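**Student:** For reference, this is upload_10.txt, and it has compact mmCIF, C-alpha atoms and all ligand atoms.
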# COMPACT_ATOMS: atom_id res chain seq x y z
CA MET A 1071 -22.64 23.01 46.69
CA TYR A 1072 -24.30 25.91 44.85
CA LEU A 1073 -21.86 28.44 43.37
CA GLN A 1074 -22.89 31.50 41.41
CA ARG A 1075 -19.50 31.77 39.73
CA ARG A 1076 -17.10 28.96 38.85
CA ASN A 1077 -13.79 30.36 37.62
CA ARG A 1078 -12.50 26.95 36.61
CA ILE A 1079 -14.94 26.88 33.66
CA LEU A 1080 -12.51 29.12 31.78
CA ARG A 1081 -9.58 26.81 32.56
CA ALA A 1082 -11.20 23.52 31.59
CA THR A 1083 -9.45 22.73 28.28
CA PRO A 1084 -6.48 24.01 26.31
CA ALA A 1085 -8.88 25.42 23.71
CA ILE A 1086 -10.88 27.40 26.25
CA ARG A 1087 -7.71 28.60 27.93
CA SER A 1088 -6.38 29.85 24.62
CA LEU A 1089 -9.64 31.65 23.88
CA VAL A 1090 -9.44 33.67 27.07
CA ALA A 1091 -5.66 34.11 27.23
CA GLU A 1092 -4.83 37.69 28.16
CA THR A 1093 -1.18 37.65 27.17
CA ILE A 1094 0.22 36.03 24.02
CA LEU A 1095 3.86 36.24 22.94
CA THR A 1096 4.74 36.78 19.30
CA PRO A 1097 8.11 36.95 17.50
CA SER A 1098 7.72 40.69 17.00
CA ASP A 1099 7.81 41.20 20.77
CA PHE A 1100 11.49 40.35 20.83
CA ILE A 1101 14.74 42.24 20.48
CA ALA A 1102 17.72 39.94 20.00
CA PRO A 1103 20.97 41.29 21.51
CA LEU A 1104 24.09 40.44 19.51
CA PHE A 1105 27.72 40.50 20.67
CA ILE A 1106 30.13 41.26 17.84
CA ASP A 1107 33.90 40.88 17.74
CA GLU A 1108 36.65 41.61 15.20
CA GLY A 1109 38.02 38.80 13.07
CA GLU A 1110 36.64 36.16 10.80
CA ASN A 1111 34.83 32.94 11.41
CA ILE A 1112 34.90 33.48 15.16
CA GLN A 1113 32.21 32.05 17.36
CA PHE A 1114 33.01 32.25 21.05
CA GLU A 1115 30.60 30.77 23.58
CA ILE A 1116 30.33 33.07 26.60
CA PRO A 1117 31.20 30.86 29.58
CA SER A 1118 28.55 32.32 31.91
CA MET A 1119 25.96 32.36 29.08
CA PRO A 1120 25.81 28.79 27.73
CA ASN A 1121 24.67 28.56 24.10
CA TYR A 1122 25.12 32.32 23.61
CA TYR A 1123 27.92 33.53 21.41
CA ARG A 1124 30.11 36.44 20.53
CA ARG A 1125 30.70 36.29 16.79
CA SER A 1126 32.73 38.00 14.13
CA LEU A 1127 30.74 40.01 11.61
CA ASP A 1128 30.49 37.20 9.02
CA GLY A 1129 28.81 34.87 11.52
CA THR A 1130 26.72 37.74 12.85
CA ILE A 1131 25.26 38.34 9.38
CA LYS A 1132 24.31 34.67 9.11
CA GLU A 1133 22.68 34.88 12.52
CA VAL A 1134 20.72 38.00 11.57
CA LYS A 1135 19.40 36.24 8.46
CA GLU A 1136 18.30 33.32 10.62
CA LEU A 1137 16.60 35.61 13.11
CA TRP A 1138 14.75 37.40 10.32
CA ALA A 1139 13.60 34.08 8.86
CA LEU A 1140 12.20 33.18 12.28
CA GLY A 1141 10.18 36.40 12.38
CA ILE A 1142 12.40 38.34 14.77
CA LYS A 1143 12.42 41.94 13.60
CA CYS A 1144 14.90 43.71 15.81
CA VAL A 1145 18.52 43.30 16.90
CA LEU A 1146 20.45 45.26 19.52
CA LEU A 1147 24.15 45.49 18.77
CA PHE A 1148 27.03 45.39 21.24
CA ILE A 1149 30.66 45.23 20.19
CA LYS A 1150 33.81 44.11 21.91
CA ALA A 1151 36.65 46.57 21.40
CA PRO A 1152 40.25 45.37 21.56
CA ASP A 1153 42.17 46.72 24.56
CA GLU A 1154 44.49 48.85 22.45
CA LEU A 1155 41.55 50.94 21.23
CA LYS A 1156 40.30 51.69 24.75
CA ASP A 1157 41.09 55.01 26.38
CA ASN A 1158 39.46 57.57 28.67
CA THR A 1159 37.85 59.60 25.86
CA GLY A 1160 36.02 56.69 24.26
CA LYS A 1161 36.89 58.13 20.85
CA GLU A 1162 36.82 54.74 19.11
CA ALA A 1163 33.07 54.85 19.80
CA TRP A 1164 32.53 57.34 16.97
CA ASN A 1165 35.17 56.06 14.57
CA PRO A 1166 33.29 55.94 11.23
CA ALA A 1167 35.27 52.78 10.36
CA GLY A 1168 34.79 51.22 13.80
CA LEU A 1169 33.42 47.72 14.31
CA MET A 1170 30.00 49.02 15.38
CA GLN A 1171 29.67 51.31 12.38
CA ARG A 1172 30.78 48.54 9.96
CA SER A 1173 28.40 46.10 11.60
CA ILE A 1174 25.42 48.43 11.32
CA SER A 1175 25.87 48.98 7.59
CA ALA A 1176 26.68 45.33 6.86
CA ILE A 1177 23.53 44.17 8.67
CA LYS A 1178 21.34 46.77 6.98
CA ASP A 1179 22.79 45.73 3.60
CA ALA A 1180 22.21 42.02 4.24
CA VAL A 1181 18.74 42.28 5.80
CA PRO A 1182 17.34 45.76 5.08
CA GLY A 1183 14.08 45.11 6.92
CA MET A 1184 15.76 44.23 10.21
CA VAL A 1185 15.39 47.03 12.77
CA VAL A 1186 18.90 47.76 14.00
CA MET A 1187 19.33 49.23 17.46
CA THR A 1188 22.75 50.09 18.86
CA ASP A 1189 24.10 50.30 22.37
CA VAL A 1190 25.27 53.79 23.22
CA ALA A 1191 27.58 53.97 26.25
CA LEU A 1192 31.34 54.26 26.58
CA ASP A 1193 32.06 51.11 28.61
CA PRO A 1194 33.28 48.86 25.76
CA TYR A 1195 35.67 51.65 24.74
CA SER A 1196 36.69 52.87 28.19
CA SER A 1197 40.06 51.94 29.66
CA TYR A 1198 38.26 52.18 33.03
CA GLY A 1199 35.31 50.02 31.97
CA HIS A 1200 32.92 52.81 32.94
CA ASP A 1201 30.03 54.11 30.87
CA GLY A 1202 31.46 57.61 30.89
CA ILE A 1203 34.62 59.70 30.97
CA VAL A 1204 36.57 59.57 34.23
CA ALA A 1205 38.13 62.63 35.90
CA ASP A 1206 39.59 62.51 39.41
CA GLY A 1207 37.94 59.16 40.06
CA GLU A 1208 34.52 60.44 39.07
CA ILE A 1209 32.37 59.70 36.03
CA VAL A 1210 31.80 63.19 34.67
CA ASN A 1211 28.37 63.87 33.23
CA ASP A 1212 28.55 66.68 30.70
CA PRO A 1213 31.72 65.69 28.80
CA THR A 1214 30.30 62.16 28.63
CA VAL A 1215 27.06 63.44 27.11
CA GLU A 1216 29.06 65.23 24.40
CA ALA A 1217 30.81 61.94 23.61
CA LEU A 1218 27.51 60.06 23.53
CA VAL A 1219 26.10 62.55 21.02
CA LYS A 1220 29.07 61.94 18.70
CA MET A 1221 28.67 58.21 19.15
CA SER A 1222 24.94 58.34 18.39
CA LEU A 1223 25.47 60.45 15.28
CA SER A 1224 28.05 58.01 13.95
CA HIS A 1225 25.58 55.15 14.44
CA ALA A 1226 22.85 57.12 12.69
CA LYS A 1227 25.21 57.86 9.80
CA ALA A 1228 26.00 54.16 9.49
CA GLY A 1229 22.29 53.43 9.20
CA ALA A 1230 21.08 52.55 12.70
CA ASP A 1231 17.30 52.70 13.06
CA PHE A 1232 17.46 53.38 16.80
CA VAL A 1233 20.23 54.38 19.16
CA ALA A 1234 19.87 52.94 22.63
CA PRO A 1235 21.72 54.93 25.31
CA SER A 1236 22.40 52.62 28.25
CA ASP A 1237 24.70 54.93 30.21
CA MET A 1238 22.31 56.77 32.59
CA MET A 1239 23.98 60.19 32.26
CA ASP A 1240 21.70 63.17 32.87
CA GLY A 1241 20.41 65.05 29.83
CA ARG A 1242 21.72 62.65 27.23
CA ILE A 1243 18.39 61.94 25.56
CA GLY A 1244 17.72 65.63 24.94
CA ALA A 1245 21.28 66.19 23.71
CA ILE A 1246 21.17 63.19 21.37
CA ARG A 1247 17.79 64.23 19.98
CA GLU A 1248 19.09 67.73 19.36
CA GLY A 1249 22.19 66.35 17.64
CA LEU A 1250 20.11 64.10 15.41
CA GLU A 1251 17.81 66.98 14.46
CA GLN A 1252 20.71 69.33 13.72
CA GLN A 1253 22.32 66.78 11.43
CA GLY A 1254 19.08 65.94 9.64
CA PHE A 1255 18.62 62.45 11.09
CA THR A 1256 14.91 62.89 11.48
CA LYS A 1257 14.14 59.19 11.12
CA THR A 1258 16.50 57.86 13.77
CA GLY A 1259 14.74 56.71 16.92
CA ILE A 1260 15.93 56.71 20.51
CA MET A 1261 15.28 53.82 22.85
CA ALA A 1262 16.31 55.16 26.25
CA TYR A 1263 17.45 52.88 29.00
CA SER A 1264 15.49 55.11 31.36
CA ALA A 1265 15.29 53.07 34.54
CA LYS A 1266 18.52 51.15 34.63
CA TYR A 1267 19.45 49.84 38.04
CA ALA A 1268 22.91 49.17 39.46
CA SER A 1269 22.51 45.40 39.43
CA CYS A 1270 24.60 42.36 40.25
CA PHE A 1271 22.83 40.55 37.42
CA TYR A 1272 24.95 42.23 34.71
CA GLY A 1273 27.95 40.03 35.54
CA PRO A 1274 27.79 37.60 32.59
CA PHE A 1275 27.38 40.49 30.11
CA ARG A 1276 30.55 42.10 31.38
CA ASP A 1277 32.28 38.74 30.79
CA ALA A 1278 30.92 38.72 27.25
CA LEU A 1279 32.43 42.10 26.40
CA ASP A 1280 35.24 42.20 28.91
CA SER A 1281 33.75 45.47 30.18
CA ALA A 1282 33.68 45.19 33.97
CA PRO A 1283 34.46 48.50 35.72
CA GLY A 1284 38.15 48.74 36.59
CA PHE A 1285 37.46 50.61 39.81
CA GLY A 1286 34.41 51.12 41.99
CA ASP A 1287 30.91 50.37 40.77
CA LYS A 1288 28.24 52.09 38.67
CA LYS A 1289 26.12 53.40 41.53
CA THR A 1290 26.76 57.09 40.83
CA TYR A 1291 24.89 56.78 37.55
CA GLN A 1292 22.77 53.60 37.60
CA MET A 1293 19.81 53.57 39.98
CA ASP A 1294 19.52 52.26 43.51
CA PHE A 1295 17.48 49.06 43.45
CA GLY A 1296 15.32 50.18 46.37
CA ASN A 1297 13.81 53.05 44.39
CA ARG A 1298 10.50 53.11 42.57
CA ILE A 1299 9.33 56.71 42.16
CA GLU A 1300 12.71 57.65 40.75
CA ALA A 1301 12.16 55.19 37.87
CA VAL A 1302 8.98 56.99 36.88
CA LYS A 1303 10.78 60.35 37.06
CA GLU A 1304 13.58 59.06 34.80
CA ALA A 1305 11.12 57.65 32.27
CA LEU A 1306 8.97 60.80 32.16
CA MET A 1307 12.04 63.02 31.72
CA ASP A 1308 13.36 60.84 28.90
CA VAL A 1309 10.01 61.00 27.11
CA GLU A 1310 10.03 64.77 27.48
CA GLU A 1311 13.59 64.94 26.12
CA GLY A 1312 12.59 62.95 23.05
CA ALA A 1313 12.79 59.21 23.75
CA ASP A 1314 10.63 57.13 21.38
CA ILE A 1315 10.80 54.03 23.58
CA VAL A 1316 11.75 53.81 27.26
CA MET A 1317 13.29 50.78 28.89
CA VAL A 1318 13.36 49.16 32.31
CA LYS A 1319 16.40 47.06 33.14
CA PRO A 1320 16.98 44.44 34.56
CA GLY A 1321 13.71 42.61 33.98
CA LEU A 1322 12.67 39.89 36.38
CA PRO A 1323 13.52 41.58 39.71
CA TYR A 1324 11.85 44.79 38.43
CA LEU A 1325 8.42 43.71 37.12
CA ASP A 1326 6.76 46.17 39.50
CA ILE A 1327 8.80 49.01 37.98
CA LEU A 1328 7.90 47.86 34.49
CA ARG A 1329 4.18 48.11 35.28
CA GLU A 1330 4.64 51.44 37.03
CA VAL A 1331 6.49 52.94 34.06
CA LYS A 1332 4.02 51.47 31.57
CA ASP A 1333 1.15 53.16 33.40
CA ALA A 1334 3.01 56.49 33.52
CA VAL A 1335 4.15 57.03 29.93
CA ASP A 1336 2.53 57.33 26.51
CA VAL A 1337 5.36 55.68 24.55
CA PRO A 1338 6.14 51.97 24.11
CA VAL A 1339 8.01 50.39 26.99
CA SER A 1340 10.72 47.79 26.63
CA VAL A 1341 12.35 45.57 29.20
CA TYR A 1342 15.77 43.93 29.19
CA ASN A 1343 15.81 40.29 30.29
CA ILE A 1344 19.50 40.55 31.10
CA SER A 1345 22.48 38.24 31.12
CA GLY A 1346 22.23 37.20 34.79
CA GLU A 1347 18.58 36.28 34.33
CA TYR A 1348 19.57 34.16 31.33
CA ALA A 1349 22.38 32.53 33.31
CA MET A 1350 20.06 31.65 36.22
CA ILE A 1351 17.63 29.76 34.01
CA LYS A 1352 20.47 28.03 32.14
CA ALA A 1353 22.19 27.00 35.37
CA ALA A 1354 19.07 25.67 37.07
CA ALA A 1355 18.10 23.77 33.91
CA LYS A 1356 21.57 22.26 33.68
CA MET A 1357 21.22 21.02 37.24
CA GLY A 1358 17.90 19.45 36.29
CA TRP A 1359 16.08 21.69 38.75
CA ILE A 1360 13.71 23.42 36.34
CA ASN A 1361 12.34 22.78 32.87
CA GLU A 1362 14.20 25.26 30.68
CA ASP A 1363 11.62 25.55 27.89
CA LYS A 1364 8.78 26.21 30.30
CA ALA A 1365 10.87 28.65 32.33
CA ILE A 1366 11.66 30.64 29.18
CA ILE A 1367 8.05 31.04 28.09
CA GLU A 1368 6.76 31.74 31.60
CA THR A 1369 9.46 34.37 32.15
CA LEU A 1370 8.91 36.14 28.85
CA THR A 1371 5.13 36.07 29.28
CA SER A 1372 5.54 37.71 32.69
CA PHE A 1373 7.26 40.69 31.05
CA LYS A 1374 4.46 41.18 28.56
CA ARG A 1375 1.84 40.79 31.30
CA ALA A 1376 3.68 43.39 33.39
CA GLY A 1377 3.45 45.87 30.53
CA ALA A 1378 6.37 45.33 28.16
CA ASP A 1379 5.73 46.15 24.52
CA LEU A 1380 9.20 44.92 23.62
CA ILE A 1381 11.46 42.38 25.30
CA ALA A 1382 15.22 42.33 24.77
CA THR A 1383 16.22 38.76 25.54
CA TYR A 1384 18.97 36.23 24.85
CA PHE A 1385 16.14 33.70 24.61
CA ALA A 1386 14.57 35.37 21.52
CA LYS A 1387 15.44 32.56 19.14
CA ASP A 1388 14.60 29.77 21.61
CA ALA A 1389 11.30 31.45 22.38
CA VAL A 1390 10.24 31.70 18.75
CA ARG A 1391 11.03 28.01 18.24
CA LEU A 1392 9.04 27.12 21.35
CA LEU A 1393 6.10 29.25 20.23
CA GLN A 1394 6.12 27.52 16.85
CA LYS A 1395 5.95 24.13 18.57
CA ALA A 1396 3.13 25.13 20.92
C1 LIG A 1401 26.57 48.83 29.52
C2 LIG A 1401 25.52 47.79 29.41
C3 LIG A 1401 25.35 46.74 30.31
C4 LIG A 1401 24.32 45.95 29.82
C5 LIG A 1401 23.87 46.53 28.63
N1 LIG A 1401 24.62 47.69 28.41
C6 LIG A 1401 26.11 46.39 31.53
C7 LIG A 1401 26.42 47.42 32.50
O1 LIG A 1401 25.73 48.43 32.67
O2 LIG A 1401 27.43 47.23 33.18
C8 LIG A 1401 23.85 44.70 30.49
C9 LIG A 1401 23.16 43.69 29.67
C10 LIG A 1401 23.05 42.35 30.32
O3 LIG A 1401 23.50 42.14 31.47
O4 LIG A 1401 22.50 41.47 29.65
N2 LIG A 1401 26.31 50.07 29.06
If you convert what's in this file into C-alpha cells, what do you get?
**Tutor:**
Amino acid sequence: MYLQRRNRILRATPAIRSLVAETILTPSDFIAPLFIDEGENIQFEIPSMPNYYRRSLDGTIKEVKELWALGIKCVLLFIKAPDELKDNTGKEAWNPAGLMQRSISAIKDAVPGMVVMTDVALDPYSSYGHDGIVADGEIVNDPTVEALVKMSLSHAKAGADFVAPSDMMDGRIGAIREGLEQQGFTKTGIMAYSAKYASCFYGPFRDALDSAPGFGDKKTYQMDFGNRIEAVKEALMDVEEGADIVMVKPGLPYLDILREVKDAVDVPVSVYNISGEYAMIKAAAKMGWINEDKAIIETLTSFKRAGADLIATYFAKDAVRLLQKA
C-alpha cells in the first residue's frame, strides 16, 4: 500500500503523543467548589457525592491550605444556612457576620493568594428554596436583583475576589457591577453563570445544601435545555453588562454550548462540571463499570478541548493528583 499521509505516525509512542497533544490540563485550570456549614470539626460526606464533604470552617481552612499546596488557585464557596435563618427576603445573604462573609475573610487570612469566588443566589437562604424572592407563586426579577446586589457587596466587603451570580435573573450583572463601582470595589470581579440550564443533574448539589425548590421548578429563570442561540445571547449580554468571566453550566451535556460561547465572547469562559456529573462517574466506578481515574481526566480534558479556560469541578483535587502521577 502506498499512502501519502499516515496519521498514526503522530500516535506511535507516548513521547510523540505528548509532543503533539493539543489539550493539556494544569492545576490552574481548576476551580474547587467548597460546601461550608456552621459548627466545629464537622465533616459530612454528601450521600449522593461520595468522597465529597460539607465542612465547618475550621476543616474548610485546612482543605484550602491543602488545595493551595497542590497548585489549585481558586475556590468557589457555597454555604448551608440553618432553616431558622431562611425567609422570603434572603436577608441572611448580606449579613456582614453571616457564615459566607466569615468564611471569605477567614480563607483570605489563611491563604491570601487563593482566589476566592462566592456563589450569589438566594436559594440557600430562601424558605422556598428558590434563587429569588417569591411573590404570588412567582420568582420576581427586579426585587431579587436588588437583593443580589446587597449580597454581592457584602461578599466584596468581606474580601471576595469574584462574585459568581448563579441565579439567572435579568439585569443582575449590570446592577452588581454598578453597585461595586458605586461602593469603590473596583477590583472585585464578576463570574457570571450566563448560560445556566434547568437541569436534572443538580440533584446531588441540592442534597448537599438542602436547597431543593419547595414548589415548582426553576424553569422560569434557568434555560431550556433545547436552546443554543439563547446561550450566546445570555453570554454576550453579561459581557456587555460587565462580566469578567462567563460560565456554561452544566458541563458534559452542554459541550456544544461551551464551544459556541467560547467562539462568541472575548472574555474567559468557565464551565461547571456539576454534582450530577460527579455522581455519575462515582456511581459507575463503584459498580466497576468504568475506570474512575481515566474517566476523570478524559472528562476534564473534554471541557478544555471544548473551549473552557476554567473548570469548576468536584474532581479538582483528584485531577491534580492524577496529573502528578502521569
Ligand atoms: C444555585 C446553584 C445550583 C448549583 C450551583 N448554584 C443548583 C441550582 O441551581 O439549583 C449547582 C451545582 C451542582 O449541581 O454541582 N444557585
**Student:** Considering all atoms listed in the file, state which residue in the set A:Leu1073, A:Val1233, A:Val1134, A:Ile1112 is at the smallest distance from A:Gly1183.
**Tutor:**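 Among the listed residues, the smallest separation from A:Gly1183 belongs to A:Val1134.
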**Student:** Would you name the residues within 6 Å of ligand LIG 1401 (chain A), counting only C-alpha atoms and all ligand atoms, and put them as a VMD selection string?
**Tutor:** chain A and resid 1191 1193 1201 1236 to 1237 1272 1275 1344 to 1345
**Student:** How far is it from atom CA of A:Lys1178 to atom CA of A:His1225, in Å with one decimal?
**Tutor:**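 These two atoms are separated by 12.0 Å.
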**Student:** So, counting only C-alpha atoms, which residue among A:Met1350, A:Ile1177, A:Met1261, A:Ile1299 is closest to A:Ile1315?
**Tutor:**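 Checking each candidate against A:Ile1315, we get A:Met1261 as the closest.
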**Student:** Would you list the contacts of A:Met1184 as a VMD selection string, taking every protein, DNA or RNA residue within 10 Å and counting all atoms listed in the file, but skipping same-chain residues closer than 5 positions in sequence?
**Tutor:** chain A and resid 1134 to 1135 1137 to 1138 1141 to 1145 1177 to 1179 1231
**Student:** Grab the atom CA of A:Ile1260 to atom CA of A:Asp1294 distance for me, in Å with one decimal place.
**Tutor:**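 Those two atoms sit 23.7 Å apart.
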**Student:** Name the closest residue to A:Ile1116 among the candidates A:Asp1277, A:Glu1136, A:Asp1336, A:Glu1310; distances are taken between atoms, counting all atoms listed in the file.
**Tutor:**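 Residue with the minimum atom-to-atom distance to A:Ile1116: A:Asp1277.
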**Student:** Need the shell around A:Phe1100: protein/DNA/RNA residues with any atom at most 10 Å away, counting all atoms listed in the file. Skip same-chain ones fewer than 5 positions apart. Format as a VMD selection string?
**Tutor:** chain A and resid 1095 1141 to 1145 1340 to 1341 1370 1379 to 1387 1389 to 1390
**Student:** Compile the contact shell of A:Ala1301 as a ChimeraX atom specification: residues with an atom at most 10 Å away, counting only C-alpha atoms, same-chain residues fewer than 5 positions apart removed.
**Tutor:** /A:1264-1267,1293-1295,1306-1307,1318,1327-1328,1330-1331
**Student:** Using all atoms listed in the file, can you tell me which of A:Lys1395, A:Lys1227, A:Arg1276, A:Lys1150 comes closest to A:Lys1257?
**Tutor:**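 Using all atoms listed in the file, the shortest distance to A:Lys1257 belongs to A:Lys1227.
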**Student:** Can you tell me which residues surround A:Ala1151 at a distance of at most 7 Å, considering only C-alpha atoms, apart from same-chain residues fewer than 4 positions away, and format the answer as a PyMOL selection string?
**Tutor:** chain A and resi 1155+1194-1195
**Student:** Could you add the missing atoms to stretch 1248-1261 of chain A, up to N, CA, C and O atoms, and return them as a PDB file, in the frame of the given file?
**Tutor:**
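Okay, this is what ended up in part_3.pdb:
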ATOM      1  N   GLU A1248      18.710  66.471  19.972  1.00  0.00           N
ATOM      2  CA  GLU A1248      19.090  67.730  19.360  1.00  0.00           C
ATOM      3  C   GLU A1248      20.156  67.506  18.277  1.00  0.00           C
ATOM      4  O   GLU A1248      20.072  68.050  17.178  1.00  0.00           O
ATOM      5  N   GLY A1249      21.131  66.662  18.604  1.00  0.00           N
ATOM      6  CA  GLY A1249      22.190  66.350  17.640  1.00  0.00           C
ATOM      7  C   GLY A1249      21.622  65.712  16.384  1.00  0.00           C
ATOM      8  O   GLY A1249      21.984  66.078  15.257  1.00  0.00           O
ATOM      9  N   LEU A1250      20.712  64.775  16.555  1.00  0.00           N
ATOM     10  CA  LEU A1250      20.110  64.100  15.410  1.00  0.00           C
ATOM     11  C   LEU A1250      19.336  65.100  14.552  1.00  0.00           C
ATOM     12  O   LEU A1250      19.432  65.091  13.319  1.00  0.00           O
ATOM     13  N   GLU A1251      18.583  65.979  15.197  1.00  0.00           N
ATOM     14  CA  GLU A1251      17.810  66.980  14.460  1.00  0.00           C
ATOM     15  C   GLU A1251      18.739  67.910  13.675  1.00  0.00           C
ATOM     16  O   GLU A1251      18.518  68.171  12.499  1.00  0.00           O
ATOM     17  N   GLN A1252      19.789  68.380  14.366  1.00  0.00           N
ATOM     18  CA  GLN A1252      20.710  69.330  13.720  1.00  0.00           C
ATOM     19  C   GLN A1252      21.368  68.722  12.495  1.00  0.00           C
ATOM     20  O   GLN A1252      21.633  69.421  11.522  1.00  0.00           O
ATOM     21  N   GLN A1253      21.625  67.422  12.550  1.00  0.00           N
ATOM     22  CA  GLN A1253      22.320  66.780  11.430  1.00  0.00           C
ATOM     23  C   GLN A1253      21.340  66.179  10.415  1.00  0.00           C
ATOM     24  O   GLN A1253      21.759  65.474   9.504  1.00  0.00           O
ATOM     25  N   GLY A1254      20.065  66.408  10.618  1.00  0.00           N
ATOM     26  CA  GLY A1254      19.080  65.940   9.640  1.00  0.00           C
ATOM     27  C   GLY A1254      18.694  64.466   9.776  1.00  0.00           C
ATOM     28  O   GLY A1254      18.083  63.908   8.874  1.00  0.00           O
ATOM     29  N   PHE A1255      19.028  63.856  10.890  1.00  0.00           N
ATOM     30  CA  PHE A1255      18.620  62.450  11.090  1.00  0.00           C
ATOM     31  C   PHE A1255      17.238  62.417  11.739  1.00  0.00           C
ATOM     32  O   PHE A1255      17.079  62.088  12.902  1.00  0.00           O
ATOM     33  N   THR A1256      16.251  62.748  10.938  1.00  0.00           N
ATOM     34  CA  THR A1256      14.910  62.890  11.480  1.00  0.00           C
ATOM     35  C   THR A1256      14.164  61.560  11.546  1.00  0.00           C
ATOM     36  O   THR A1256      13.034  61.505  12.019  1.00  0.00           O
ATOM     37  N   LYS A1257      14.805  60.499  11.066  1.00  0.00           N
ATOM     38  CA  LYS A1257      14.140  59.190  11.120  1.00  0.00           C
ATOM     39  C   LYS A1257      14.781  58.250  12.122  1.00  0.00           C
ATOM     40  O   LYS A1257      14.371  57.103  12.247  1.00  0.00           O
ATOM     41  N   THR A1258      15.810  58.724  12.808  1.00  0.00           N
ATOM     42  CA  THR A1258      16.500  57.860  13.770  1.00  0.00           C
ATOM     43  C   THR A1258      15.779  57.923  15.115  1.00  0.00           C
ATOM     44  O   THR A1258      15.538  59.010  15.639  1.00  0.00           O
ATOM     45  N   GLY A1259      15.442  56.767  15.640  1.00  0.00           N
ATOM     46  CA  GLY A1259      14.740  56.710  16.920  1.00  0.00           C
ATOM     47  C   GLY A1259      15.704  56.619  18.097  1.00  0.00           C
ATOM     48  O   GLY A1259      16.892  56.338  17.942  1.00  0.00           O
ATOM     49  N   ILE A1260      15.145  56.864  19.280  1.00  0.00           N
ATOM     50  CA  ILE A1260      15.930  56.710  20.510  1.00  0.00           C
ATOM     51  C   ILE A1260      15.174  55.774  21.453  1.00  0.00           C
ATOM     52  O   ILE A1260      14.026  56.044  21.821  1.00  0.00           O
ATOM     53  N   MET A1261      15.812  54.670  21.787  1.00  0.00           N
ATOM     54  CA  MET A1261      15.280  53.820  22.850  1.00  0.00           C
ATOM     55  C   MET A1261      16.128  54.085  24.089  1.00  0.00           C
ATOM     56  O   MET A1261      17.300  53.717  24.131  1.00  0.00           O
TER      57      MET A1261
END
